[in-house]
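I have placed the structure first, in the form of structure tokens, so that the comments after it can refer back to it.
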There are 4 protein chains.
Amino acid sequence: METFPCDEKTNVRVAVPSKASHAKKPDTVVDVQGVKFGGNEVVIIAGPCAVEDMDQLFETARLVKAGGAKILRGGAFKPRTSPYNFQGLGEDGLKLLAQARQETGMPVVTEVMDTRQIEIVARYADMLQIGSRNMQNYPLLKEVGLVKKPVLLKRGMMATIEEFLMAAEYILNQGNENIVLCERGIRTFETSTRNTLDLSAVPMLKYLTHLPVIVDPSHGTGIRWMVPAMAKAAVAAGTDGLIMEVHYHPEKALCDGQQSLSPDEFRTMMGDLRKIADAIGRKIS
Amino acid sequence: METFPCDEKTNVRVAVPSKASHAKKPDTVVDVQGVKFGGNEVVIIAGPCAVEDMDQLFETARLVKAGGAKILRGGAFKPRTSPYNFQGLGEDGLKLLAQARQETGMPVVTEVMDTRQIEIVARYADMLQIGSRNMQNYPLLKEVGLVKKPVLLKRGMMATIEEFLMAAEYILNQGNENIVLCERGIRTFETSTRNTLDLSAVPMLKYLTHLPVIVDPSHGTGIRWMVPAMAKAAVAAGTDGLIMEVHYHPEKALCDGQQSLSPDEFRTMMGDLRKIADAIGRKIS
Amino acid sequence: METFPCDEKTNVRVAVPSKASHAKKPDTVVDVQGVKFGGNEVVIIAGPCAVEDMDQLFETARLVKAGGAKILRGGAFKPRTSPYNFQGLGEDGLKLLAQARQETGMPVVTEVMDTRQIEIVARYADMLQIGSRNMQNYPLLKEVGLVKKPVLLKRGMMATIEEFLMAAEYILNQGNENIVLCERGIRTFETSTRNTLDLSAVPMLKYLTHLPVIVDPSHGTGIRWMVPAMAKAAVAAGTDGLIMEVHYHPEKALCDGQQSLSPDEFRTMMGDLRKIADAIGRKIS
Amino acid sequence: METFPCDEKTNVRVAVPSKASHAKKPDTVVDVQGVKFGGNEVVIIAGPCAVEDMDQLFETARLVKAGGAKILRGGAFKPRTSPYNFQGLGEDGLKLLAQARQETGMPVVTEVMDTRQIEIVARYADMLQIGSRNMQNYPLLKEVGLVKKPVLLKRGMMATIEEFLMAAEYILNQGNENIVLCERGIRTFETSTRNTLDLSAVPMLKYLTHLPVIVDPSHGTGIRWMVPAMAKAAVAAGTDGLIMEVHYHPEKALCDGQQSLSPDEFRTMMGDLRKIADAIGRKIS
């Protein structure tokens, strides 16, 4: 290990190994079926927490597409704190996602929780998500590093920036450089929000690495009415994208309803985000 | 104590006493010699960490005023972790602040650390600051509650939103309603920044109380080059103001030089902040 | 500042100034009216959270003395999160403490919250307590440094070991070396206990400084039935003393009843503590 | 979900599902080849962080057995923050562990990181360890729940007591009740130790569940000279066992040398632990 070469502008204490492949190089642009992370566009990923059924998924997908989303999200395998909560539809959920892609033209991203699921998830999805709880699941990181699909790597809820970059290194190290980093809130002593959204991670990660960085204000706050304010803040802070939970009927959602936007709330927020993107010289199409 | 009447829009677990005077009422506008917090304007407070000498203070004051600051900050009594670090100029610093006000026309805000200092600080300053380490110094809170001057109350680096509101209640309870709340970063496990700036505190506090809320991106990050990004994010999140450290020669500052903006950096950032304020229908004059 | 000279036995990253007077010297023994902290004896401080009335105080004092306590605790000025909670009896409380001392022969320790209270508290008490919320109240630290009485300095609930030692330095620096450090739980993400009692602070502080170190398992856990287990653990970890809340009728206590031991619980625990002290070659008389 | 039925003795806010199978029942005794967790004996698990070679493993195994250890630990698959650090010997390490068992008669425990490794690890080991980073790796938890071997479940460094119990529930739910819970330090703001060992988890977990609870003072502190003090504290707090890193030449260890005890340190500590166990009516043979 050697200390990261901090210049005089920072007091960053992050240490990265000398071989680290994400130390600054020209910015990487990650291409997900034509949708580009890391360029001038601020990419919006939206959709339900979990895929519940065709109606819910397709309806929500059409609505978020109409609002400006470029990629559809939805969980088929769900990591839940309690074994007695809804665990997802599994492969049936993946099939519905693939149909929704065909229907709407939007690429889809979904979570993979286990090395044995990679093959099947990669068959249906355009981008593989590694969730917060698996950020240091090293066998999983290594295996998605061998797949050719782009990876959405979420920060562990108690991972330092250094550990986050080291997790990315496990993927890069296997040859897959198509990684989008996602800040999604960290665990602190504060209990009025579900997590504490660490927006300073956006400029810090952009400073330390060449990879695109996005923000998840839904998990970062856990509170529906707070999502638009934090989404706006994230765009102003320089994020390359946002991933958000939207549900066509949040009050009926099988998971995370309390942090899911309704289609109307999503549309209104998107209008505000475009103005802010505009103000800082970026674009949300 | 009874539970705060949360409506269906939130999962806020904050509990406030039934007598709580900051529970929602029409928004309070705090007027500091004509500068208004809590209206449409996003108020900028800027100046050096500590008052060092006439040259430093006056030069910095003129520069921040030219850049758009409305209130001058500067410490005369400095709380320092080590007793061997610079502790401030004391009353001499207060006198310099009063002269700088006369020179520039900007009201001044400075920290009061002890009940015995209130009288003298109130004689010179237009707004009294309660620092992070004193957020739960109850005798001090009670006494500034008896003073007629506006108070800038900084969140303790370890304080929950609920404790922050209770601290404000100590001041309100004595009859002084002219309180501006300031989020300035909380302590977490993350070490790449000095603190973790909790921008979700902005919408949460605006939701729970009628008091104006501002943000301190200098202490919130501790890193000079990161201040503009977080200042922009704070404006997008809905802050009523910003307080920032600016020094005419940051590299020579007696304290906090590593998080102080140069006059050039301040000016550039102010241009960006105006665009974002504009995008959300607010104003920085 | 220079880095603390860590030897090969540790990875301690604590930095103390070169002038630091608490860097290792022969162990300091703090004498409170004949009761000695820092020797072979493990000193027990016990009593109610707050002084409520003569009956409560005297009855509790007699009971804790009979159980083996050497010093009586009790708050006259109480720092409370909410201004609407019981704030203590003030000077009347101090007078009751002085009478209880006369009655039982035990020296008394009580909290001082404000520089203006030091004189009066010092008139009645044998040892001055600086509470957790005031650990970085520098004017208060400096002033108790000028008093000749021993000081019980509690760790801030979010203070690092380094900051804790720096706070002690503010007192030492004024000439008062009679300081007993107290670990009382830190704030973490865990919510099943009031705080997280950081018992590793005991060996760490003993390693870094010559000052005696005690533990407060009442605030450290916030849960009555858990106090004995953590008190036993503290003794095994090498603490020089314990400070505990005991109330003659915990269910009627005006504050902290849920973490106060009944006299019976106190007596049973003391028996267990003596056996552990014995097992490690120390003494509880 | 319903709230855990807290009695009047606690303010525990842990919520467990009504089906929760670990809510209080008669204490479970977990038997690992005749070594029993959850009875009167305090079980000592010791060995190197990672299996490095035959000489290192066998020599260390003989020494810890002589000192009183009942189970041998050693990692074959190592989760490391950086992909450039030593990752373990894999199956060769498992074979060495099996040989060391034959040589010394001690059962062995080793970590399994991936569902695909379970079969092979279960072939060689007597107890499967789920590491801190995998505490919420739900597919892994479910699969070890289907195996007949005892499981050592380490608390995630970011996991609340409630989440820890829910993770155990994933295993119990599949039919495997042979679970030993292990507190190993949580992540806090304090940086002088590697983690903050939360010893209050011992009485809390014993209160909430029927499962045995052990403590890992090596990872809990990260500092070799601090391990004995915290091991003693853990025994006094009521732990059912300890797991510790011991290396025959700590200064040459390929991982965690700075927190590994030398054989001499281990032997001395064991003598002290026996005295404390004795003082509280338990036994270390």
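Residue names in the structure tokens use chain letters A, B, ... in the order shown, residue numbers from 1 in each chain, and ligand numbers from 1 in the order shown.
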*If we count only C-alpha atoms, what is near stretch 98-111 of chain D at a cut-off of 7 Å, once residues fewer than 3 positions away on the same chain are taken out, given as a list in words?*
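Everything that qualifies: Gln33, Phe58, Arg62, Lys70, Ile71, Leu72, Arg73, Gly74, Gly75, Ala76, Phe77, Leu94, Lys95, Tyr124, Ala125, Asp126, Met127, Leu128, Gln129, Ile130 and Gly131 of chain D.
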Select from stretch 38-148 of chain A every residue with an atom at most 9 Å from any atom of stretch 242-246 of chain A, then for each give the shortest pair of atoms and their distance in Å to one decimal, using only C-alpha atoms, rows by chain and rising number, as a tab-separated table.
```
residue	atom	partner	partner_atom	distance
A:Val42	CA	A:Leu242	CA	7.5
A:Val43	CA	A:Leu242	CA	6.4
A:Ile44	CA	A:Leu242	CA	5.0
A:Ile45	CA	A:Ile243	CA	4.5
A:Ala46	CA	A:Met244	CA	4.8
A:Gly47	CA	A:Val246	CA	4.9
A:Pro48	CA	A:Val246	CA	5.1
A:Cys49	CA	A:Glu245	CA	5.7
A:Thr60	CA	A:Val246	CA	7.1
A:Val64	CA	A:Val246	CA	7.6
A:Ile71	CA	A:Ile243	CA	9.0
A:Arg73	CA	A:Ile243	CA	8.0
A:Gly74	CA	A:Glu245	CA	8.6
```
Kindly provide the residues of chain C that approach chain A to within 12 Å, each paired with its closest atom pair and their distance in Å to one decimal, based on only C-alpha atoms, listed by chain and increasing number, as a tab-separated table.
```
residue	atom	partner	partner_atom	distance
C:Met157	CA	A:Phe189	CA	11.3
C:Met158	CA	A:Phe189	CA	10.1
C:Ile186	CA	A:Phe189	CA	10.4
C:Arg187	CA	A:Phe189	CA	6.7
C:Thr188	CA	A:Phe189	CA	5.4
C:Phe189	CA	A:Phe189	CA	4.6
C:Glu190	CA	A:Phe189	CA	7.7
C:Thr191	CA	A:Phe189	CA	8.6
C:Arg194	CA	A:Phe189	CA	11.4
C:Asn195	CA	A:Phe189	CA	10.3
C:Thr196	CA	A:Phe189	CA	11.3
```
_List the spatial neighbours of stretch 224-235 of chain C as number ranges by chain - criterion: any atom at most 6 Å away, only C-alpha atoms, same-chain residues fewer than 6 positions off excluded._
C: 217-218, 258-261, 269, 273; D: 233, 236-237
Residues from last step as file, C-alpha atoms, as a PDB file, in the first residue's frame:
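Now in part-v3.pdb:
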```
ATOM      1  CA  PRO C 217     -22.233   1.893  33.419  1.00  0.00           C
ATOM      2  CA  SER C 218     -25.536   3.658  34.192  1.00  0.00           C
ATOM      3  CA  GLN C 258     -34.866   3.417  34.175  1.00  0.00           C
ATOM      4  CA  GLN C 259     -31.104   3.176  34.655  1.00  0.00           C
ATOM      5  CA  SER C 260     -30.938   3.511  38.466  1.00  0.00           C
ATOM      6  CA  LEU C 261     -30.274   0.460  40.623  1.00  0.00           C
ATOM      7  CA  MET C 269     -23.712  -6.308  42.458  1.00  0.00           C
ATOM      8  CA  LEU C 273     -17.577  -6.855  41.988  1.00  0.00           C
TER       9      LEU C 273
ATOM     10  CA  ALA D 233     -13.998  -7.932  30.466  1.00  0.00           C
ATOM     11  CA  ALA D 236     -16.931 -10.848  33.405  1.00  0.00           C
ATOM     12  CA  ALA D 237     -19.811  -9.628  31.218  1.00  0.00           C
TER      13      ALA D 237
END
```
*Using DSSP on the backbone coordinates, identify the residues of stretch 114-282 of chain B assigned to strand (DSSP E); present them as an MDAnalysis selection string.*
chainID B and resid 127:130 151:154 179:183 213:215 241:245
*Residues of stretch 81-116 of chain D in helix (DSSP H, G or I), written as a ChimeraX atom specification*: /D:91-104,115-116
*Test item: residues at most 12 Å from C:Leu205, only C-alpha atoms, excluding those fewer than 6 positions along its chain, as a ChimeraX atom specification*: /C:12,14,22-24,27,155,160-165,168,180-183,198-199,211-215,237-240 /D:192-193,226
